[in-house]
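Peer 1: One file is attached below, model39.pdb, containing PDB, N, CA and C atoms.
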```
ATOM      1  N   ALA U   1     -34.515 -13.063   7.670
ATOM      2  CA  ALA U   1     -34.864 -14.473   7.736
ATOM      3  C   ALA U   1     -36.373 -14.653   7.857
ATOM      4  N   ALA U   2     -37.016 -13.782   8.631
ATOM      5  CA  ALA U   2     -38.466 -13.896   8.818
ATOM      6  C   ALA U   2     -39.200 -13.682   7.501
ATOM      7  N   LYS U   3     -38.732 -12.736   6.714
ATOM      8  CA  LYS U   3     -39.371 -12.462   5.419
ATOM      9  C   LYS U   3     -39.255 -13.683   4.502
ATOM     10  N   LEU U   4     -38.090 -14.307   4.478
ATOM     11  CA  LEU U   4     -37.911 -15.504   3.654
ATOM     12  C   LEU U   4     -38.810 -16.640   4.132
ATOM     13  N   ALA U   5     -38.956 -16.765   5.450
ATOM     14  CA  ALA U   5     -39.838 -17.796   6.002
ATOM     15  C   ALA U   5     -41.285 -17.547   5.582
ATOM     16  N   ASP U   6     -41.710 -16.287   5.619
ATOM     17  CA  ASP U   6     -43.071 -15.945   5.186
ATOM     18  C   ASP U   6     -43.264 -16.238   3.703
ATOM     19  N   MET U   7     -42.248 -15.939   2.908
ATOM     20  CA  MET U   7     -42.326 -16.187   1.468
ATOM     21  C   MET U   7     -42.460 -17.683   1.190
ATOM     22  N   GLU U   8     -41.660 -18.479   1.862
ATOM     23  CA  GLU U   8     -41.714 -19.934   1.684
ATOM     24  C   GLU U   8     -43.066 -20.486   2.128
ATOM     25  N   THR U   9     -43.580 -19.964   3.232
ATOM     26  CA  THR U   9     -44.876 -20.419   3.741
ATOM     27  C   THR U   9     -45.991 -20.121   2.755
ATOM     28  N   ARG U  10     -45.997 -18.917   2.191
ATOM     29  CA  ARG U  10     -47.015 -18.558   1.190
ATOM     30  C   ARG U  10     -46.956 -19.496  -0.009
ATOM     31  N   CYS U  11     -45.754 -19.804  -0.448
ATOM     32  CA  CYS U  11     -45.602 -20.710  -1.597
ATOM     33  C   CYS U  11     -46.142 -22.102  -1.276
ATOM     34  N   GLU U  12     -45.839 -22.598  -0.104
ATOM     35  CA  GLU U  12     -46.303 -23.935   0.282
ATOM     36  C   GLU U  12     -47.819 -23.979   0.451
ATOM     37  N   GLU U  13     -48.409 -22.914   0.979
ATOM     38  CA  GLU U  13     -49.875 -22.859   1.102
ATOM     39  C   GLU U  13     -50.525 -22.961  -0.274
ATOM     40  N   ALA U  14     -50.035 -22.180  -1.202
ATOM     41  CA  ALA U  14     -50.588 -22.184  -2.560
ATOM     42  C   ALA U  14     -50.354 -23.537  -3.231
ATOM     43  N   ARG U  15     -49.169 -24.072  -3.060
ATOM     44  CA  ARG U  15     -48.844 -25.372  -3.655
ATOM     45  C   ARG U  15     -49.779 -26.454  -3.117
ATOM     46  N   GLY U  16     -50.104 -26.382  -1.844
ATOM     47  CA  GLY U  16     -51.019 -27.357  -1.246
ATOM     48  C   GLY U  16     -52.391 -27.338  -1.911
ATOM     49  N   LEU U  17     -52.933 -26.146  -2.152
ATOM     50  CA  LEU U  17     -54.228 -26.048  -2.832
ATOM     51  C   LEU U  17     -54.131 -26.548  -4.273
ATOM     52  N   LEU U  18     -53.033 -26.248  -4.922
ATOM     53  CA  LEU U  18     -52.848 -26.701  -6.298
ATOM     54  C   LEU U  18     -52.776 -28.226  -6.359
ATOM     55  N   TYR U  19     -52.004 -28.835  -5.473
ATOM     56  CA  TYR U  19     -51.897 -30.294  -5.443
ATOM     57  C   TYR U  19     -53.237 -30.929  -5.082
ATOM     58  N   ARG U  20     -53.964 -30.308  -4.162
ATOM     59  CA  ARG U  20     -55.288 -30.818  -3.782
ATOM     60  C   ARG U  20     -56.203 -30.847  -5.003
ATOM     61  N   PHE U  21     -56.193 -29.755  -5.774
ATOM     62  CA  PHE U  21     -57.004 -29.718  -6.990
ATOM     63  C   PHE U  21     -56.590 -30.832  -7.947
ATOM     64  N   GLY U  22     -55.295 -31.011  -8.137
ATOM     65  CA  GLY U  22     -54.806 -32.062  -9.029
ATOM     66  C   GLY U  22     -55.245 -33.447  -8.581
ATOM     67  N   GLN U  23     -55.178 -33.704  -7.286
ATOM     68  CA  GLN U  23     -55.612 -34.997  -6.757
ATOM     69  C   GLN U  23     -57.108 -35.200  -6.969
ATOM     70  N   MET U  24     -57.879 -34.129  -6.768
ATOM     71  CA  MET U  24     -59.328 -34.217  -6.979
ATOM     72  C   MET U  24     -59.638 -34.515  -8.445
ATOM     73  N   ALA U  25     -58.943 -33.840  -9.345
ATOM     74  CA  ALA U  25     -59.163 -34.055 -10.778
ATOM     75  C   ALA U  25     -58.795 -35.488 -11.164
ATOM     76  N   ASP U  26     -57.674 -35.981 -10.649
ATOM     77  CA  ASP U  26     -57.247 -37.352 -10.940
ATOM     78  C   ASP U  26     -58.231 -38.381 -10.394
ATOM     79  N   ALA U  27     -58.864 -38.055  -9.268
ATOM     80  CA  ALA U  27     -59.796 -38.980  -8.625
ATOM     81  C   ALA U  27     -61.180 -38.955  -9.267
ATOM     82  N   GLY U  28     -61.398 -38.053 -10.207
ATOM     83  CA  GLY U  28     -62.695 -37.983 -10.873
ATOM     84  C   GLY U  28     -63.789 -37.326 -10.051
ATOM     85  N   VAL U  29     -63.402 -36.402  -9.205
ATOM     86  CA  VAL U  29     -64.373 -35.666  -8.388
ATOM     87  C   VAL U  29     -65.324 -34.912  -9.322
ATOM     88  N   PRO U  30     -66.609 -34.797  -8.942
ATOM     89  CA  PRO U  30     -67.582 -34.096  -9.797
ATOM     90  C   PRO U  30     -67.149 -32.671 -10.147
ATOM     91  N   ASP U  31     -67.568 -32.239 -11.336
ATOM     92  CA  ASP U  31     -67.174 -30.924 -11.845
ATOM     93  C   ASP U  31     -67.505 -29.783 -10.894
ATOM     94  N   ALA U  32     -68.636 -29.858 -10.206
ATOM     95  CA  ALA U  32     -69.021 -28.772  -9.298
ATOM     96  C   ALA U  32     -67.953 -28.559  -8.228
ATOM     97  N   GLU U  33     -67.422 -29.635  -7.685
ATOM     98  CA  GLU U  33     -66.368 -29.519  -6.671
ATOM     99  C   GLU U  33     -65.054 -29.053  -7.294
ATOM    100  N   LEU U  34     -64.786 -29.512  -8.509
ATOM    101  CA  LEU U  34     -63.556 -29.109  -9.192
ATOM    102  C   LEU U  34     -63.558 -27.622  -9.519
ATOM    103  N   THR U  35     -64.728 -27.087  -9.841
ATOM    104  CA  THR U  35     -64.829 -25.666 -10.170
ATOM    105  C   THR U  35     -64.339 -24.816  -9.009
ATOM    106  N   LYS U  36     -64.814 -25.129  -7.818
ATOM    107  CA  LYS U  36     -64.410 -24.367  -6.629
ATOM    108  C   LYS U  36     -62.928 -24.586  -6.324
ATOM    109  N   ALA U  37     -62.485 -25.828  -6.361
ATOM    110  CA  ALA U  37     -61.085 -26.134  -6.048
ATOM    111  C   ALA U  37     -60.142 -25.468  -7.047
ATOM    112  N   SER U  38     -60.526 -25.459  -8.306
ATOM    113  CA  SER U  38     -59.718 -24.816  -9.338
ATOM    114  C   SER U  38     -59.604 -23.317  -9.092
ATOM    115  N   ALA U  39     -60.732 -22.684  -8.801
ATOM    116  CA  ALA U  39     -60.729 -21.240  -8.542
ATOM    117  C   ALA U  39     -59.904 -20.912  -7.300
ATOM    118  N   MET U  40     -60.011 -21.741  -6.265
ATOM    119  CA  MET U  40     -59.239 -21.508  -5.043
ATOM    120  C   MET U  40     -57.743 -21.641  -5.311
ATOM    121  N   ALA U  41     -57.362 -22.640  -6.095
ATOM    122  CA  ALA U  41     -55.947 -22.836  -6.411
ATOM    123  C   ALA U  41     -55.407 -21.676  -7.239
ATOM    124  N   LYS U  42     -56.159 -21.250  -8.246
ATOM    125  CA  LYS U  42     -55.698 -20.143  -9.088
ATOM    126  C   LYS U  42     -55.592 -18.857  -8.285
ATOM    127  N   LEU U  43     -56.587 -18.591  -7.461
ATOM    128  CA  LEU U  43     -56.566 -17.392  -6.626
ATOM    129  C   LEU U  43     -55.360 -17.408  -5.692
ATOM    130  N   SER U  44     -55.182 -18.514  -5.007
ATOM    131  CA  SER U  44     -54.090 -18.623  -4.043
ATOM    132  C   SER U  44     -52.721 -18.557  -4.716
ATOM    133  N   CYS U  45     -52.554 -19.269  -5.813
ATOM    134  CA  CYS U  45     -51.258 -19.275  -6.505
ATOM    135  C   CYS U  45     -50.925 -17.908  -7.092
ATOM    136  N   GLY U  46     -51.911 -17.259  -7.702
ATOM    137  CA  GLY U  46     -51.672 -15.933  -8.275
ATOM    138  C   GLY U  46     -51.314 -14.905  -7.221
ATOM    139  N   ASP U  47     -52.075 -14.918  -6.121
ATOM    140  CA  ASP U  47     -51.792 -13.966  -5.041
ATOM    141  C   ASP U  47     -50.441 -14.250  -4.391
ATOM    142  N   ALA U  48     -50.146 -15.528  -4.175
ATOM    143  CA  ALA U  48     -48.860 -15.882  -3.562
ATOM    144  C   ALA U  48     -47.697 -15.471  -4.461
ATOM    145  N   ALA U  49     -47.819 -15.738  -5.743
ATOM    146  CA  ALA U  49     -46.743 -15.378  -6.678
ATOM    147  C   ALA U  49     -46.498 -13.874  -6.673
ATOM    148  N   MET U  50     -47.569 -13.104  -6.692
ATOM    149  CA  MET U  50     -47.408 -11.649  -6.704
ATOM    150  C   MET U  50     -46.822 -11.152  -5.387
ATOM    151  N   TRP U  51     -47.322 -11.676  -4.279
ATOM    152  CA  TRP U  51     -46.832 -11.244  -2.969
ATOM    153  C   TRP U  51     -45.356 -11.603  -2.795
ATOM    154  N   VAL U  52     -45.005 -12.831  -3.155
ATOM    155  CA  VAL U  52     -43.622 -13.288  -2.974
ATOM    156  C   VAL U  52     -42.659 -12.498  -3.862
ATOM    157  N   THR U  53     -43.039 -12.246  -5.107
ATOM    158  CA  THR U  53     -42.137 -11.493  -5.980
ATOM    159  C   THR U  53     -42.032 -10.033  -5.550
ATOM    160  N   THR U  54     -43.112  -9.478  -5.033
ATOM    161  CA  THR U  54     -43.051  -8.110  -4.503
ATOM    162  C   THR U  54     -42.087  -8.052  -3.319
ATOM    163  N   GLU U  55     -42.173  -9.035  -2.454
ATOM    164  CA  GLU U  55     -41.254  -9.102  -1.314
ATOM    165  C   GLU U  55     -39.810  -9.288  -1.790
ATOM    166  N   ALA U  56     -39.614 -10.099  -2.820
ATOM    167  CA  ALA U  56     -38.263 -10.316  -3.354
ATOM    168  C   ALA U  56     -37.681  -9.016  -3.896
ATOM    169  N   VAL U  57     -38.506  -8.235  -4.581
ATOM    170  CA  VAL U  57     -38.052  -6.936  -5.084
ATOM    171  C   VAL U  57     -37.675  -6.039  -3.907
ATOM    172  N   GLN U  58     -38.460  -6.069  -2.847
ATOM    173  CA  GLN U  58     -38.154  -5.264  -1.659
ATOM    174  C   GLN U  58     -36.817  -5.684  -1.045
ATOM    175  N   VAL U  59     -36.594  -6.983  -0.966
ATOM    176  CA  VAL U  59     -35.344  -7.493  -0.391
ATOM    177  C   VAL U  59     -34.145  -7.033  -1.219
ATOM    178  N   LEU U  60     -34.293  -7.059  -2.535
ATOM    179  CA  LEU U  60     -33.186  -6.698  -3.422
ATOM    180  C   LEU U  60     -33.030  -5.199  -3.622
ATOM    181  N   GLY U  61     -34.032  -4.435  -3.221
ATOM    182  CA  GLY U  61     -33.964  -2.986  -3.401
ATOM    183  C   GLY U  61     -33.972  -2.629  -4.877
ATOM    184  N   GLY U  62     -33.136  -1.682  -5.270
ATOM    185  CA  GLY U  62     -33.079  -1.227  -6.653
ATOM    186  C   GLY U  62     -32.723  -2.319  -7.642
ATOM    187  N   TYR U  63     -31.969  -3.320  -7.192
ATOM    188  CA  TYR U  63     -31.606  -4.417  -8.082
ATOM    189  C   TYR U  63     -32.830  -5.218  -8.525
ATOM    190  N   GLY U  64     -33.884  -5.172  -7.737
ATOM    191  CA  GLY U  64     -35.092  -5.914  -8.076
ATOM    192  C   GLY U  64     -35.778  -5.420  -9.331
ATOM    193  N   TYR U  65     -35.464  -4.198  -9.754
ATOM    194  CA  TYR U  65     -36.092  -3.616 -10.941
ATOM    195  C   TYR U  65     -35.217  -3.688 -12.189
ATOM    196  N   ILE U  66     -34.012  -4.184 -12.036
ATOM    197  CA  ILE U  66     -33.069  -4.231 -13.153
ATOM    198  C   ILE U  66     -33.260  -5.531 -13.928
ATOM    199  N   LYS U  67     -33.318  -5.431 -15.242
ATOM    200  CA  LYS U  67     -33.584  -6.607 -16.081
ATOM    201  C   LYS U  67     -32.512  -7.683 -15.976
ATOM    202  N   GLU U  68     -31.335  -7.341 -15.508
ATOM    203  CA  GLU U  68     -30.276  -8.338 -15.370
ATOM    204  C   GLU U  68     -30.565  -9.327 -14.238
ATOM    205  N   TYR U  69     -31.499  -8.987 -13.364
ATOM    206  CA  TYR U  69     -31.867  -9.865 -12.258
ATOM    207  C   TYR U  69     -33.202 -10.530 -12.578
ATOM    208  N   PRO U  70     -33.303 -11.845 -12.391
ATOM    209  CA  PRO U  70     -34.515 -12.564 -12.798
ATOM    210  C   PRO U  70     -35.783 -12.164 -12.044
ATOM    211  N   VAL U  71     -35.653 -11.566 -10.886
ATOM    212  CA  VAL U  71     -36.846 -11.235 -10.105
ATOM    213  C   VAL U  71     -37.716 -10.195 -10.814
ATOM    214  N   GLU U  72     -37.106  -9.355 -11.635
ATOM    215  CA  GLU U  72     -37.877  -8.357 -12.386
ATOM    216  C   GLU U  72     -38.859  -9.066 -13.314
ATOM    217  N   ARG U  73     -38.384 -10.067 -14.018
ATOM    218  CA  ARG U  73     -39.243 -10.846 -14.926
ATOM    219  C   ARG U  73     -40.257 -11.673 -14.134
ATOM    220  N   MET U  74     -39.825 -12.230 -13.032
ATOM    221  CA  MET U  74     -40.723 -13.037 -12.202
ATOM    222  C   MET U  74     -41.911 -12.217 -11.719
ATOM    223  N   MET U  75     -41.652 -10.971 -11.373
ATOM    224  CA  MET U  75     -42.734 -10.113 -10.894
ATOM    225  C   MET U  75     -43.725  -9.820 -12.017
ATOM    226  N   ARG U  76     -43.227  -9.560 -13.198
ATOM    227  CA  ARG U  76     -44.128  -9.326 -14.344
ATOM    228  C   ARG U  76     -44.938 -10.582 -14.649
ATOM    229  N   ASP U  77     -44.284 -11.733 -14.611
ATOM    230  CA  ASP U  77     -44.984 -12.994 -14.862
ATOM    231  C   ASP U  77     -46.032 -13.267 -13.783
ATOM    232  N   ALA U  78     -45.695 -12.946 -12.534
ATOM    233  CA  ALA U  78     -46.641 -13.156 -11.436
ATOM    234  C   ALA U  78     -47.884 -12.301 -11.622
ATOM    235  N   LYS U  79     -47.704 -11.077 -12.056
ATOM    236  CA  LYS U  79     -48.855 -10.186 -12.237
ATOM    237  C   LYS U  79     -49.803 -10.717 -13.299
ATOM    238  N   ILE U  80     -49.256 -11.246 -14.372
ATOM    239  CA  ILE U  80     -50.123 -11.737 -15.444
ATOM    240  C   ILE U  80     -50.927 -12.953 -14.992
ATOM    241  N   THR U  81     -50.415 -13.727 -14.037
ATOM    242  CA  THR U  81     -51.191 -14.875 -13.545
ATOM    243  C   THR U  81     -52.458 -14.421 -12.835
ATOM    244  N   GLN U  82     -52.473 -13.187 -12.353
ATOM    245  CA  GLN U  82     -53.661 -12.661 -11.692
ATOM    246  C   GLN U  82     -54.677 -12.128 -12.697
ATOM    247  N   ILE U  83     -54.288 -12.059 -13.956
ATOM    248  CA  ILE U  83     -55.147 -11.434 -14.963
ATOM    249  C   ILE U  83     -55.723 -12.444 -15.950
ATOM    250  N   TYR U  84     -54.873 -13.271 -16.574
ATOM    251  CA  TYR U  84     -55.408 -14.157 -17.613
ATOM    252  C   TYR U  84     -56.155 -15.335 -17.017
ATOM    253  N   GLU U  85     -57.024 -15.909 -17.837
ATOM    254  CA  GLU U  85     -57.897 -17.017 -17.425
ATOM    255  C   GLU U  85     -58.778 -16.639 -16.240
ATOM    256  N   GLY U  86     -59.181 -15.389 -16.162
ATOM    257  CA  GLY U  86     -60.063 -14.931 -15.091
ATOM    258  C   GLY U  86     -59.288 -14.197 -14.022
ATOM    259  N   THR U  87     -59.652 -12.957 -13.798
ATOM    260  CA  THR U  87     -58.959 -12.153 -12.791
ATOM    261  C   THR U  87     -59.190 -12.719 -11.395
ATOM    262  N   GLN U  88     -58.467 -12.187 -10.445
ATOM    263  CA  GLN U  88     -58.623 -12.639  -9.065
ATOM    264  C   GLN U  88     -60.048 -12.399  -8.565
ATOM    265  N   GLU U  89     -60.642 -11.284  -8.970
ATOM    266  CA  GLU U  89     -62.021 -11.006  -8.543
ATOM    267  C   GLU U  89     -62.993 -12.015  -9.144
ATOM    268  N   VAL U  90     -62.765 -12.420 -10.373
ATOM    269  CA  VAL U  90     -63.610 -13.448 -10.986
ATOM    270  C   VAL U  90     -63.470 -14.755 -10.208
ATOM    271  N   GLN U  91     -62.260 -15.106  -9.814
ATOM    272  CA  GLN U  91     -62.057 -16.334  -9.038
ATOM    273  C   GLN U  91     -62.803 -16.259  -7.706
ATOM    274  N   ARG U  92     -62.783 -15.100  -7.080
ATOM    275  CA  ARG U  92     -63.514 -14.931  -5.820
ATOM    276  C   ARG U  92     -65.018 -15.102  -6.030
ATOM    277  N   LEU U  93     -65.532 -14.577  -7.123
ATOM    278  CA  LEU U  93     -66.957 -14.733  -7.430
ATOM    279  C   LEU U  93     -67.312 -16.198  -7.677
ATOM    280  N   VAL U  94     -66.456 -16.913  -8.378
ATOM    281  CA  VAL U  94     -66.687 -18.340  -8.629
ATOM    282  C   VAL U  94     -66.722 -19.100  -7.308
ATOM    283  N   ILE U  95     -65.785 -18.824  -6.433
ATOM    284  CA  ILE U  95     -65.734 -19.496  -5.129
ATOM    285  C   ILE U  95     -66.991 -19.186  -4.328
ATOM    286  N   ALA U  96     -67.373 -17.923  -4.273
ATOM    287  CA  ALA U  96     -68.568 -17.527  -3.516
ATOM    288  C   ALA U  96     -69.820 -18.180  -4.092
ATOM    289  N   ARG U  97     -69.922 -18.234  -5.417
ATOM    290  CA  ARG U  97     -71.081 -18.869  -6.053
ATOM    291  C   ARG U  97     -71.158 -20.346  -5.678
ATOM    292  N   GLU U  98     -70.022 -21.031  -5.712
ATOM    293  CA  GLU U  98     -70.013 -22.453  -5.360
ATOM    294  C   GLU U  98     -70.319 -22.658  -3.878
ATOM    295  N   MET U  99     -69.844 -21.744  -3.035
ATOM    296  CA  MET U  99     -70.165 -21.829  -1.604
ATOM    297  C   MET U  99     -71.664 -21.669  -1.381
ATOM    298  N   ALA U 100     -72.286 -20.752  -2.111
ATOM    299  CA  ALA U 100     -73.733 -20.540  -1.985
ATOM    300  C   ALA U 100     -74.495 -21.791  -2.415
ATOM    301  N   LYS U 101     -74.050 -22.428  -3.489
ATOM    302  CA  LYS U 101     -74.686 -23.669  -3.938
ATOM    303  C   LYS U 101     -74.561 -24.759  -2.876
ATOM    304  N   GLU U 102     -73.373 -24.865  -2.276
ATOM    305  CA  GLU U 102     -73.151 -25.871  -1.233
ATOM    306  C   GLU U 102     -74.046 -25.610  -0.029
ATOM    307  N   SER U 103     -74.168 -24.344   0.363
ATOM    308  CA  SER U 103     -75.007 -23.988   1.511
ATOM    309  C   SER U 103     -76.462 -24.320   1.234
ATOM    310  N   ARG U 104     -76.920 -23.992   0.038
ATOM    311  CA  ARG U 104     -78.308 -24.282  -0.339
ATOM    312  C   ARG U 104     -78.560 -25.788  -0.308
ATOM    313  N   ALA U 105     -77.651 -26.567  -0.881
ATOM    314  CA  ALA U 105     -77.807 -28.022  -0.899
ATOM    315  C   ALA U 105     -77.815 -28.580   0.519
ATOM    316  N   PHE U 106     -76.960 -28.041   1.373
ATOM    317  CA  PHE U 106     -76.896 -28.491   2.763
ATOM    318  C   PHE U 106     -78.208 -28.199   3.484
ATOM    319  N   LEU U 107     -78.717 -26.981   3.308
ATOM    320  CA  LEU U 107     -79.966 -26.600   3.971
ATOM    321  C   LEU U 107     -81.143 -27.423   3.465
ATOM    322  N   LEU U 108     -81.213 -27.654   2.175
ATOM    323  CA  LEU U 108     -82.311 -28.445   1.610
ATOM    324  C   LEU U 108     -82.236 -29.898   2.053
ATOM    325  N   ALA U 109     -81.037 -30.423   2.215
ATOM    326  CA  ALA U 109     -80.874 -31.805   2.667
ATOM    327  C   ALA U 109     -81.360 -31.967   4.099
ATOM    328  N   GLY U 110     -81.200 -30.932   4.901
ATOM    329  CA  GLY U 110     -81.628 -30.993   6.297
ATOM    330  C   GLY U 110     -83.122 -30.849   6.481
ATOM    331  N   VAL U 111     -83.806 -30.302   5.487
ATOM    332  CA  VAL U 111     -85.249 -30.074   5.585
ATOM    333  C   VAL U 111     -86.015 -31.370   5.448
ATOM    334  N   GLY U 112     -85.524 -32.266   4.603
ATOM    335  CA  GLY U 112     -86.219 -33.508   4.256
ATOM    336  C   GLY U 112     -86.378 -34.407   5.408
TER     337      GLY U 112
END
```
Take the structure I supplied and represent it as structure tokens, if you would.

Peer 2:
Amino acid sequence: AAKLADMETRCEEARGLLYRFGQMADAGVPDAELTKASAMAKLSCGDAAMWVTTEAVQVLGGYGYIKEYPVERMMRDAKITQIYEGTQEVQRLVIAREMAKESRAFLLAGVG
């Protein structure tokens, strides 16, 4: 039960970042903010999908690797989300770059 609770929690955390990004995009937030939010959502969703499907395979044991069970395909699909449209490391670099820009802007605003 604890493992299922952790899996559900990871999914909800990622979903929250994804919805936040969607709300920001709908609200017309500037591109600089969207860049960071987008990278955070992709990073979180990709990692959550991979972690949750790995846990699902563990729960199912050998059945998790058999093509007759959907979790085998889900795990393959989860892995590809970490690769296409920028790997997880690229997303981390984008987030760090945007954080550095925010810090610089904050420091310069305080100097004036």

Peer 1: Got a sec to resolve the PyMOL selection byres (((chain U and resi 4-16 and name CA) around 6) and name CA) on this structure and send the residues as an NGL selection string?

Peer 2: :U and (1-3 or 17-19 or 44-45 or 48 or 52)

Peer 1: Which residues fall under the PyMOL selection byres (((chain U and resi 82 and name CA) around 9) and name CA) in this file, as a PyMOL selection string?

Peer 2: chain U and resi 42-43+45-47+49-50+78-81+83-88

Peer 1: In Å, how far is it from CA of Ile95 (chain U) to CA of Ser38 (chain U)?

Peer 2: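 Calculated distance between CA of Ile95 (chain U) and CA of Ser38 (chain U) is 9.1 Å.
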
Peer 1: Would you please give, as a ChimeraX atom specification, all residues of region 58-106 of chain U that DSSP assigns to helix (DSSP H, G or I) based on the backbone?

Peer 2: /U:58-65,70-81,88-106

Peer 1: Padding 4 Å on each side, edges along x, y and z: where is the centre of the box around the listed atoms of region 74-87 of chain U, and how long are its edges in Å to one decimal? Output it as AutoDock Vina command-line options.

Peer 2:
```
--center_x -49.9 --center_y -13.2 --center_z -14.4 --size_x 28.2 --size_y 15.7 --size_z 14.9
```

Peer 1: Quote the spacing between atom N of Ala32 (chain U) and atom N of Leu107 (chain U) in Å to one decimal place.

Peer 2: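 Atom N of Ala32 (chain U) sits 17.1 Å away from atom N of Leu107 (chain U).
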
Peer 1: Have a look at U:Thr53, U:Asp31, U:Gly61, U:Arg92 and name the one nearest to Met74 (chain U); count only N, CA and C atoms.

Peer 2: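 Counting only N, CA and C atoms, the residue closest to Met74 (chain U) is U:Thr53.
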
Peer 1: Between atom C of Glu98 (chain U) and CA of Asp77 (chain U), measure the distance and give it in Å to one decimal.

Peer 2: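 Those two atoms sit 29.3 Å apart.
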